[in-house]
$ cat input_13.cif   # mmCIF, C-alpha atoms and all ligand atoms
data_protein
loop_
_atom_site.label_atom_id
_atom_site.label_comp_id
_atom_site.auth_asym_id
_atom_site.auth_seq_id
_atom_site.Cartn_x
_atom_site.Cartn_y
_atom_site.Cartn_z
CA MET A 1 -10.61 13.95 13.25
CA LYS A 2 -7.82 15.39 11.15
CA ARG A 3 -4.39 13.90 11.86
CA ILE A 4 -1.02 15.71 11.47
CA ARG A 5 2.01 13.41 11.57
CA ILE A 6 5.15 15.39 12.34
CA GLY A 7 8.75 14.44 11.57
CA LEU A 8 11.01 16.42 13.92
CA LEU A 9 14.62 17.32 13.04
CA GLY A 10 16.50 18.16 16.25
CA CYS A 11 15.67 17.63 19.91
CA GLY A 12 17.74 20.29 21.66
CA THR A 13 16.49 23.47 23.34
CA VAL A 14 13.82 24.18 20.73
CA GLY A 15 13.04 20.65 19.46
CA GLY A 16 12.86 19.26 23.02
CA GLY A 17 10.51 22.12 24.01
CA PHE A 18 8.39 21.33 20.96
CA VAL A 19 7.97 17.69 22.04
CA ARG A 20 6.97 18.76 25.56
CA LEU A 21 4.54 21.37 24.23
CA VAL A 22 2.87 18.93 21.83
CA ASN A 23 2.44 16.50 24.73
CA ALA A 24 1.03 19.23 26.99
CA GLU A 25 -1.34 20.72 24.39
CA ARG A 26 -2.44 17.59 22.48
CA GLU A 27 -5.80 17.16 24.21
CA ARG A 28 -6.72 20.85 24.05
CA ILE A 29 -5.85 20.97 20.34
CA ARG A 30 -7.91 17.84 19.70
CA THR A 31 -10.96 19.40 21.37
CA ARG A 32 -10.48 22.94 20.14
CA TYR A 33 -9.37 22.35 16.54
CA GLY A 34 -10.30 18.72 15.86
CA VAL A 35 -6.65 17.97 15.04
CA ASP A 36 -4.74 14.95 16.31
CA LEU A 37 -1.00 15.66 16.54
CA GLU A 38 1.52 12.84 16.36
CA ILE A 39 5.32 13.11 16.36
CA THR A 40 6.35 10.10 14.31
CA ARG A 41 10.19 10.29 14.41
CA ILE A 42 12.87 12.60 15.86
CA LEU A 43 16.37 13.19 14.44
CA VAL A 44 19.31 13.65 16.84
CA ARG A 45 23.08 13.23 16.47
CA ASP A 46 23.70 11.50 19.77
CA LEU A 47 21.24 8.79 20.86
CA ASP A 48 22.87 8.51 24.29
CA LYS A 49 22.16 12.10 25.33
CA SER A 50 19.30 12.45 27.80
CA HIS A 51 16.11 13.96 26.36
CA ALA A 52 13.70 14.56 29.25
CA GLY A 53 10.06 13.83 28.44
CA VAL A 54 10.87 12.35 25.01
CA ASP A 55 9.95 8.79 23.98
CA ARG A 56 13.38 7.30 23.18
CA ALA A 57 11.80 4.88 20.68
CA LEU A 58 11.14 7.87 18.38
CA LEU A 59 14.80 8.93 18.23
CA THR A 60 16.95 8.18 15.20
CA THR A 61 20.24 9.39 13.75
CA ASN A 62 19.02 8.75 10.21
CA ALA A 63 17.49 11.90 8.70
CA LEU A 64 15.82 9.96 5.89
CA GLU A 65 13.80 7.93 8.41
CA VAL A 66 12.31 11.24 9.52
CA ILE A 67 11.91 13.08 6.21
CA ASP A 68 10.95 10.17 3.96
CA GLY A 69 9.09 8.33 6.71
CA ASP A 70 5.49 8.41 7.73
CA CYS A 71 4.86 12.15 8.15
CA ASP A 72 2.82 15.00 6.65
CA LEU A 73 5.08 17.81 7.78
CA VAL A 74 8.69 18.33 8.88
CA VAL A 75 9.71 20.61 11.78
CA GLU A 76 13.36 21.70 11.42
CA ALA A 77 15.06 22.58 14.73
CA ILE A 78 18.68 21.57 14.17
CA GLY A 79 20.03 24.99 13.16
CA GLY A 80 22.90 25.88 10.84
CA VAL A 81 22.74 26.37 7.11
CA HIS A 82 24.28 23.50 5.16
CA THR A 83 22.80 20.31 6.67
CA ALA A 84 19.52 21.96 7.63
CA GLY A 85 19.26 23.29 4.06
CA THR A 86 19.81 19.82 2.61
CA PHE A 87 17.10 18.36 4.86
CA VAL A 88 14.61 21.17 4.14
CA ARG A 89 15.16 20.85 0.37
CA ARG A 90 14.53 17.11 0.60
CA ALA A 91 11.38 17.60 2.66
CA ILE A 92 10.06 20.09 0.09
CA ALA A 93 10.92 17.74 -2.78
CA ARG A 94 8.97 14.98 -0.99
CA GLY A 95 5.96 17.31 -0.80
CA ARG A 96 6.12 17.93 2.95
CA ASP A 97 5.24 21.28 4.49
CA VAL A 98 8.18 22.59 6.54
CA VAL A 99 8.16 24.57 9.79
CA THR A 100 11.47 26.06 10.89
CA ALA A 101 13.00 28.19 13.64
CA ASN A 102 16.17 28.70 11.59
CA LYS A 103 16.80 32.38 10.80
CA ALA A 104 20.33 31.70 9.55
CA LEU A 105 19.00 29.28 6.93
CA LEU A 106 16.31 31.71 5.78
CA ALA A 107 18.77 34.59 5.67
CA ALA A 108 21.19 32.51 3.55
CA CYS A 109 18.78 30.76 1.16
CA GLY A 110 15.22 31.81 1.99
CA ARG A 111 14.39 32.96 -1.54
CA GLU A 112 15.49 29.70 -3.12
CA LEU A 113 13.62 27.63 -0.52
CA PHE A 114 10.39 29.64 -0.82
CA ARG A 115 10.56 29.34 -4.62
CA ALA A 116 11.05 25.57 -4.39
CA ALA A 117 8.18 25.30 -1.89
CA ALA A 118 5.86 27.32 -4.15
CA GLU A 119 6.75 25.14 -7.15
CA ARG A 120 6.03 21.99 -5.13
CA GLY A 121 2.83 23.47 -3.65
CA VAL A 122 3.99 23.23 -0.02
CA THR A 123 4.30 25.80 2.76
CA ILE A 124 7.26 26.95 4.84
CA GLY A 125 6.24 28.26 8.27
CA PHE A 126 8.88 30.44 9.92
CA GLU A 127 7.18 32.35 12.78
CA ALA A 128 9.73 30.90 15.23
CA SER A 129 12.69 32.30 13.29
CA VAL A 130 12.14 35.89 14.50
CA CYS A 131 11.33 36.99 18.07
CA GLY A 132 10.63 33.48 19.44
CA GLY A 133 7.17 33.46 20.97
CA VAL A 134 6.19 36.98 19.79
CA PRO A 135 3.93 36.48 16.73
CA VAL A 136 5.40 39.24 14.59
CA ILE A 137 5.44 37.30 11.29
CA GLY A 138 1.77 36.38 11.72
CA ALA A 139 0.93 40.01 12.52
CA LEU A 140 2.63 41.18 9.33
CA ARG A 141 1.32 38.41 7.07
CA ARG A 142 -2.26 38.31 8.29
CA GLY A 143 -3.33 40.98 10.78
CA LEU A 144 -1.67 43.81 8.84
CA ALA A 145 -2.02 42.37 5.32
CA GLY A 146 -4.49 45.11 4.40
CA ASP A 147 -2.13 47.97 5.21
CA THR A 148 1.03 49.45 3.71
CA ILE A 149 3.86 49.02 6.19
CA GLU A 150 6.04 52.12 6.53
CA SER A 151 8.56 50.87 9.09
CA ILE A 152 9.41 48.10 11.52
CA THR A 153 11.54 48.95 14.54
CA GLY A 154 12.58 46.36 17.03
CA ILE A 155 14.70 44.92 19.77
CA LEU A 156 15.33 41.63 17.99
CA ASN A 157 18.30 40.19 19.86
CA GLY A 158 17.65 39.03 23.42
CA THR A 159 21.34 38.53 24.23
CA CYS A 160 22.28 42.13 23.41
CA ASN A 161 19.25 43.43 25.28
CA TYR A 162 20.16 41.33 28.31
CA VAL A 163 23.78 42.50 28.25
CA LEU A 164 22.86 46.19 27.82
CA SER A 165 20.23 45.92 30.60
CA ARG A 166 22.88 44.53 32.98
CA VAL A 167 25.42 47.18 31.96
CA GLU A 168 22.79 49.82 32.79
CA GLN A 169 22.65 48.29 36.31
CA GLY A 170 26.41 48.67 36.73
CA VAL A 171 27.63 45.20 35.69
CA SER A 172 30.72 45.19 33.45
CA PHE A 173 30.20 44.36 29.76
CA SER A 174 32.30 41.18 29.93
CA ASP A 175 30.56 39.94 33.11
CA ALA A 176 27.17 40.64 31.51
CA VAL A 177 28.13 38.50 28.48
CA VAL A 178 29.20 35.67 30.81
CA HIS A 179 25.89 35.96 32.74
CA ALA A 180 24.01 35.75 29.42
CA GLN A 181 25.96 32.60 28.53
CA GLU A 182 25.32 31.07 31.97
CA ARG A 183 21.59 31.71 31.59
CA GLY A 184 21.57 30.06 28.17
CA PHE A 185 20.81 33.16 26.04
CA ALA A 186 24.21 33.69 24.45
CA GLU A 187 26.13 31.10 22.45
CA ALA A 188 29.59 29.94 23.57
CA ASP A 189 30.75 32.25 20.76
CA PRO A 190 28.44 35.25 21.16
CA SER A 191 29.93 37.21 18.24
CA LEU A 192 26.91 36.71 15.94
CA ASP A 193 24.73 38.36 18.61
CA LEU A 194 27.12 41.13 19.71
CA SER A 195 28.10 42.11 16.15
CA GLY A 196 24.47 42.86 15.33
CA GLN A 197 24.43 40.17 12.60
CA ASP A 198 21.78 38.05 14.33
CA ALA A 199 19.47 41.09 14.58
CA ALA A 200 20.27 41.91 10.93
CA GLN A 201 19.28 38.40 9.79
CA LYS A 202 15.95 38.71 11.60
CA LEU A 203 15.41 42.22 10.25
CA ARG A 204 15.96 40.94 6.68
CA ILE A 205 13.30 38.27 7.23
CA LEU A 206 10.81 40.85 8.54
CA ALA A 207 11.60 43.24 5.68
CA GLU A 208 11.06 40.46 3.15
CA VAL A 209 7.62 39.76 4.63
CA ALA A 210 6.58 43.39 5.07
CA PHE A 211 7.90 45.24 2.01
CA ASP A 212 7.60 44.48 -1.65
CA ALA A 213 10.68 46.58 -2.40
CA PRO A 214 14.42 46.02 -2.80
CA VAL A 215 16.92 46.76 -0.03
CA HIS A 216 18.78 49.97 -1.00
CA ARG A 217 21.07 50.26 1.98
CA GLU A 218 22.00 48.11 4.97
CA VAL A 219 24.10 49.29 7.90
CA VAL A 220 24.89 46.94 10.81
CA ARG A 221 26.63 48.09 13.99
CA GLY A 222 26.88 45.89 17.04
CA ILE A 223 27.57 46.45 20.72
CA ALA A 224 30.82 46.43 22.69
CA SER A 225 32.21 47.55 26.01
CA GLY A 226 31.16 51.20 26.42
CA THR A 227 27.88 50.85 24.47
CA ARG A 228 24.86 52.28 26.26
CA GLY A 229 21.17 52.12 25.32
CA LYS A 230 19.47 49.43 23.24
CA LEU A 231 20.44 47.59 20.07
CA ILE A 232 17.71 48.75 17.70
CA ALA A 233 16.93 47.21 14.32
CA GLU A 234 14.93 49.32 11.90
CA ALA A 235 13.58 48.65 8.42
CA ARG A 236 11.93 51.60 6.72
CA ARG A 237 10.44 52.43 3.38
CA VAL A 238 12.50 55.02 1.48
CA ALA A 239 12.11 56.31 -2.09
CA GLY A 240 12.08 53.23 -4.35
CA GLY A 241 13.17 50.72 -1.74
CA VAL A 242 13.89 49.77 1.84
CA GLU A 243 16.66 50.77 4.22
CA LEU A 244 17.87 48.45 6.98
CA LEU A 245 19.71 49.74 10.05
CA VAL A 246 20.98 47.90 13.10
CA GLU A 247 22.67 50.15 15.65
CA PRO A 248 22.81 50.97 19.36
CA ARG A 249 20.52 53.88 20.23
CA ARG A 250 19.50 55.67 23.40
CA VAL A 251 15.74 55.54 23.94
CA GLY A 252 13.82 58.08 26.01
CA ILE A 253 12.16 56.89 29.24
CA ASP A 254 8.73 57.47 27.66
CA HIS A 255 9.48 55.21 24.70
CA PRO A 256 7.84 51.75 24.88
CA PHE A 257 11.29 50.16 24.33
CA ALA A 258 12.52 51.66 27.63
CA ARG A 259 10.50 49.00 29.51
CA VAL A 260 11.82 46.15 27.35
CA ILE A 261 14.56 44.70 29.54
CA ASP A 262 16.74 41.60 29.81
CA GLU A 263 16.11 38.94 27.15
CA GLN A 264 12.76 40.43 26.08
CA ASN A 265 12.15 41.31 22.43
CA ALA A 266 9.82 44.00 21.12
CA VAL A 267 8.67 45.34 17.77
CA VAL A 268 6.84 48.50 16.71
CA ILE A 269 5.22 48.11 13.29
CA ARG A 270 4.02 51.36 11.70
CA GLY A 271 1.30 50.96 9.08
CA ARG A 272 -0.08 53.74 6.88
CA ALA A 273 -3.69 53.10 7.96
CA VAL A 274 -3.29 51.48 11.37
CA GLY A 275 -0.55 53.66 12.87
CA GLU A 276 1.74 52.00 15.43
CA VAL A 277 1.33 48.42 16.65
CA PHE A 278 3.51 47.32 19.57
CA LEU A 279 4.35 43.67 20.27
CA SER A 280 6.65 42.42 23.00
CA GLY A 281 7.49 39.24 24.85
CA ARG A 282 9.97 36.40 25.19
CA GLY A 283 12.04 36.43 22.03
CA ALA A 284 13.87 33.14 22.57
CA GLY A 285 14.01 30.08 24.79
CA SER A 286 12.67 26.59 24.63
CA MET A 287 8.94 26.96 25.23
CA PRO A 288 8.24 30.38 23.63
CA THR A 289 9.99 29.25 20.44
CA ALA A 290 8.19 25.89 20.54
CA ALA A 291 4.86 27.75 20.80
CA ALA A 292 5.65 29.60 17.56
CA LEU A 293 6.55 26.30 15.84
CA LEU A 294 3.34 24.67 16.99
CA ALA A 295 1.23 27.61 15.78
CA ASP A 296 2.79 27.17 12.33
CA VAL A 297 2.19 23.41 12.41
CA LEU A 298 -1.52 24.02 13.06
CA GLU A 299 -1.66 26.60 10.30
CA CYS A 300 0.18 24.45 7.73
CA GLY A 301 -1.71 21.32 8.63
N1 LIG B 1 17.47 28.36 21.47
C1 LIG B 1 16.59 29.35 21.23
O1 LIG B 1 16.12 30.04 22.14
C2 LIG B 1 16.14 29.63 19.82
C3 LIG B 1 15.18 30.63 19.58
C4 LIG B 1 14.72 30.85 18.29
C5 LIG B 1 15.24 30.11 17.25
N2 LIG B 1 16.19 29.16 17.51
C6 LIG B 1 16.69 28.36 16.39
O2 LIG B 1 16.28 27.01 16.58
C7 LIG B 1 17.24 26.14 15.99
C8 LIG B 1 17.69 25.10 17.01
O3 LIG B 1 18.30 25.78 18.10
P1 LIG B 1 18.52 25.04 19.51
O4 LIG B 1 18.89 26.13 20.46
O5 LIG B 1 17.39 24.15 19.84
O6 LIG B 1 19.83 24.15 19.18
P2 LIG B 1 20.40 22.92 20.04
O7 LIG B 1 19.93 23.01 21.45
O8 LIG B 1 21.85 22.88 19.76
O9 LIG B 1 19.70 21.64 19.40
C9 LIG B 1 20.02 21.16 18.11
C10 LIG B 1 19.45 19.78 17.94
O10 LIG B 1 19.67 19.37 16.59
C11 LIG B 1 20.43 18.16 16.57
N3 LIG B 1 21.37 18.27 15.45
C12 LIG B 1 22.18 19.31 15.15
N4 LIG B 1 22.87 19.08 14.02
C13 LIG B 1 22.48 17.86 13.60
C14 LIG B 1 22.83 17.04 12.50
N5 LIG B 1 23.74 17.43 11.60
N6 LIG B 1 22.23 15.83 12.37
C15 LIG B 1 21.33 15.42 13.28
N7 LIG B 1 20.95 16.15 14.35
C16 LIG B 1 21.52 17.36 14.50
C17 LIG B 1 21.13 18.09 17.91
O11 LIG B 1 21.38 16.74 18.20
P3 LIG B 1 22.42 16.33 19.37
O12 LIG B 1 21.93 17.03 20.61
O13 LIG B 1 22.30 14.84 19.44
O14 LIG B 1 23.76 16.85 18.94
C18 LIG B 1 20.08 18.72 18.82
O15 LIG B 1 19.11 17.74 19.15
C19 LIG B 1 18.36 27.05 15.45
O16 LIG B 1 18.11 27.32 14.09
C20 LIG B 1 18.19 28.32 16.28
O17 LIG B 1 18.67 29.48 15.61
C21 LIG B 1 16.65 28.90 18.76
#
$ encode --input "input_13.cif" --output "structure tokens"
Amino acid sequence: MKRIRIGLLGCGTVGGGFVRLVNAERERIRTRYGVDLEITRILVRDLDKSHAGVDRALLTTNALEVIDGDCDLVVEAIGGVHTAGTFVRRAIARGRDVVTANKALLAACGRELFRAAAERGVTIGFEASVCGGVPVIGALRRGLAGDTIESITGILNGTCNYVLSRVEQGVSFSDAVVHAQERGFAEADPSLDLSGQDAAQKLRILAEVAFDAPVHREVVRGIASGTRGKLIAEARRVAGGVELLVEPRRVGIDHPFARVIDEQNAVVIRGRAVGEVFLSGRGAGSMPTAAALLADVLECG
């Protein structure tokens, strides 16, 4: 039986969901894939916080006990750029594969990290960084690897989609933002979502995977009171490069995006040979994002 020992950085919404999912799926994965999963250590900041379903003996506030300890692979679920980047660089230098949900880190220093990983012969899995539980990175990297991708169009930010769905039902913009915060979709400071920057970060990651061409032009417009429709992110091949657009657009009732409501995400990938492929589902949240992390763990391991 193959064994994968996992060092986990972070035990919040995503990291906590990952622990619960590993516990729930361990036996099935053993039988189905012949892989024995073990979480060896978990980094948190505050040991006194309650972490339901987590073995407290695994918790530590010392990152080196996780990264340099007894593990084959590191799952990064702390978020942010600086500290997470330091930990990921160290894990790569120690020859660990890394699995991350951190789109901000990849948007800020993805190229450098992927180069370092390639030099060290390790893998960075990042399915969870875009569209939570919707396997769009896997579709681009594997299922559609044989085709030339012409465009990727998506609803990539669940908070904006939730807010715009509520506005459509007559709720005020500011109340809709508060509802999104109460339901755990929007951050206390939702400006990264509402400005379109979160969608732009995810779009850059998808474009990097799908196109072997430089970005010629990037335009990012967010949503505000008075916006109607959907926040659409589009990456498309243009002469000699790629164009990235994030902007609110009206979509016709016949368009597949018309049925994508609340915190759902969706992506239409258009390939030269395959035509249009439509993916949709839960783009964030504890368990969907954990499922994407675990898929990467199984693939790396
Ligand atoms: N939430 C989602 O639905 C979602 C979806 C897709 C991707 N993501 C990404 O997943 C990552 C984690 O998000 P999250 O929502 O799970 O965040 P979160 O709930 O705030 O959890 C963060 C965890 O990391 C720990 N942590 C943070 N900074 C640390 C540090 N400097 N040293 C040690 N531990 C530290 C926290 O410990 P304490 O609790 O002890 O402070 C907490 O356990 C982010 O990159 C986010 O963009 C999230």
$ closest_atom_pairs --input "input_13.cif" --of "chain A" --to "ligand LIG 1 (chain B)" --cutoff "6 Å" --atoms "only C-alpha atoms and all ligand atoms" --output "CSV"
residue,atom,partner,partner_atom,distance
A:Gly10,CA,B:LIG1,O10,3.4
A:Cys11,CA,B:LIG1,O15,3.5
A:Gly12,CA,B:LIG1,O9,3.3
A:Thr13,CA,B:LIG1,O5,3.7
A:Val14,CA,B:LIG1,O5,3.7
A:Gly15,CA,B:LIG1,O5,5.6
A:Leu43,CA,B:LIG1,N7,5.5
A:Val44,CA,B:LIG1,N7,3.9
A:Arg45,CA,B:LIG1,O13,3.5
A:Asp46,CA,B:LIG1,O13,3.6
A:Ala77,CA,B:LIG1,C8,4.3
A:Ile78,CA,B:LIG1,O10,3.4
A:Gly79,CA,B:LIG1,O16,3.2
A:Gly80,CA,B:LIG1,O16,6.0
A:Thr83,CA,B:LIG1,N5,5.8
A:Ala101,CA,B:LIG1,O2,4.6
A:Asn102,CA,B:LIG1,O16,3.5
A:Lys103,CA,B:LIG1,O17,5.9
A:Ala128,CA,B:LIG1,C4,5.9
A:Ser129,CA,B:LIG1,C5,5.2
A:Gly132,CA,B:LIG1,C4,5.0
A:Ala284,CA,B:LIG1,O1,3.9
A:Gly285,CA,B:LIG1,O1,3.4
A:Ser286,CA,B:LIG1,O1,5.5
A:Thr289,CA,B:LIG1,C4,5.4
$ closest_residue --input "input_13.cif" --among "A:Gly69, A:Cys109, A:Arg272, A:Pro256" --to "A:Val81" --atoms "all atoms listed in the file"
A:Cys109
$ residues_around --input "input_13.cif" --residues "A:Thr60" --least-positions-apart "3" --cutoff "8 Å" --atoms "only C-alpha atoms" --output "PyMOL selection string"
chain A and resi 41-44+47+63+65-66
$ atom_distance --input "input_13.cif" --atom1 "atom CA of A:Glu27" --atom2 "atom CA of A:Gly138"
24.1 Å
$ closest_atom_pairs --input "input_13.cif" --of "stretch 33-141 of chain A" --to "stretch 205-212 of chain A" --cutoff "9 Å" --atoms "all atoms listed in the file" --output "Markdown table"
| residue | atom | partner | partner_atom | distance |
| --- | --- | --- | --- | --- |
| A:Lys103 | CA | A:Ile205 | CA | 7.7 |
| A:Leu106 | CA | A:Ile205 | CA | 7.4 |
| A:Ala107 | CA | A:Ile205 | CA | 6.8 |
| A:Gly110 | CA | A:Ile205 | CA | 8.5 |
| A:Ser129 | CA | A:Ile205 | CA | 8.5 |
| A:Val130 | CA | A:Ile205 | CA | 7.7 |
| A:Val136 | CA | A:Leu206 | CA | 8.3 |
| A:Ile137 | CA | A:Leu206 | CA | 7.0 |
| A:Leu140 | CA | A:Ala210 | CA | 6.2 |
| A:Arg141 | CA | A:Val209 | CA | 6.9 |
$ write_last_selection --input "input_13.cif" --atoms "C-alpha atoms" --output "mmCIF file, in the coordinates of the input"
data_model
loop_
_atom_site.group_PDB
_atom_site.id
_atom_site.type_symbol
_atom_site.label_atom_id
_atom_site.label_comp_id
_atom_site.auth_asym_id
_atom_site.auth_seq_id
_atom_site.Cartn_x
_atom_site.Cartn_y
_atom_site.Cartn_z
ATOM 1 C CA LYS A 103 16.800 32.380 10.800
ATOM 2 C CA LEU A 106 16.310 31.710 5.780
ATOM 3 C CA ALA A 107 18.770 34.590 5.670
ATOM 4 C CA GLY A 110 15.220 31.810 1.990
ATOM 5 C CA SER A 129 12.690 32.300 13.290
ATOM 6 C CA VAL A 130 12.140 35.890 14.500
ATOM 7 C CA VAL A 136 5.400 39.240 14.590
ATOM 8 C CA ILE A 137 5.440 37.300 11.290
ATOM 9 C CA LEU A 140 2.630 41.180 9.330
ATOM 10 C CA ARG A 141 1.320 38.410 7.070
#
$ residues_around --input "input_13.cif" --residues "A:Ala200" --least-positions-apart "3" --cutoff "10 Å" --atoms "all atoms listed in the file" --output "list in words"
Ala107, Leu156, Asn157, Leu192, Asp193, Ser195, Gly196, Gln197, Leu203, Arg204, Ile205, Leu206, Glu218, Val219, Val220, Arg221, Gly222, Ile232, Ala233, Glu234, Ala235, Leu244, Leu245, Val246 and Glu247 of chain A
$ residues_around --input "input_13.cif" --residues "A:Glu119" --least-positions-apart "4" --cutoff "10 Å" --atoms "all atoms listed in the file" --output "MDAnalysis selection string"
chainID A and resid 92:93 113:115
$ write_last_selection --input "input_13.cif" --atoms "C-alpha atoms" --output "mmCIF file, keeping the file's coordinate frame"
data_model
loop_
_atom_site.group_PDB
_atom_site.id
_atom_site.type_symbol
_atom_site.label_atom_id
_atom_site.label_comp_id
_atom_site.auth_asym_id
_atom_site.auth_seq_id
_atom_site.Cartn_x
_atom_site.Cartn_y
_atom_site.Cartn_z
ATOM 1 C CA ILE A 92 10.060 20.090 0.090
ATOM 2 C CA ALA A 93 10.920 17.740 -2.780
ATOM 3 C CA LEU A 113 13.620 27.630 -0.520
ATOM 4 C CA PHE A 114 10.390 29.640 -0.820
ATOM 5 C CA ARG A 115 10.560 29.340 -4.620
#
$ atom_distance --input "input_13.cif" --atom1 "atom CA of A:Arg166" --atom2 "atom CA of A:Lys202"
23.2 Å
$ atom_distance --input "input_13.cif" --atom1 "atom CA of A:Val178" --atom2 "atom CA of A:Phe18"
27.1 Å
$ closest_residue --input "input_13.cif" --among "A:Ala104, A:Val274, A:Ala199, A:Val88" --to "A:Gly143" --atoms "all atoms listed in the file"
A:Val274
$ residues_near_point --input "input_13.cif" --point "(18.9, 38.7, 24.4)" --cutoff "7 Å" --atoms "all atoms listed in the file" --output "NGL selection string"
:A and (157-162 or 185 or 262-264)
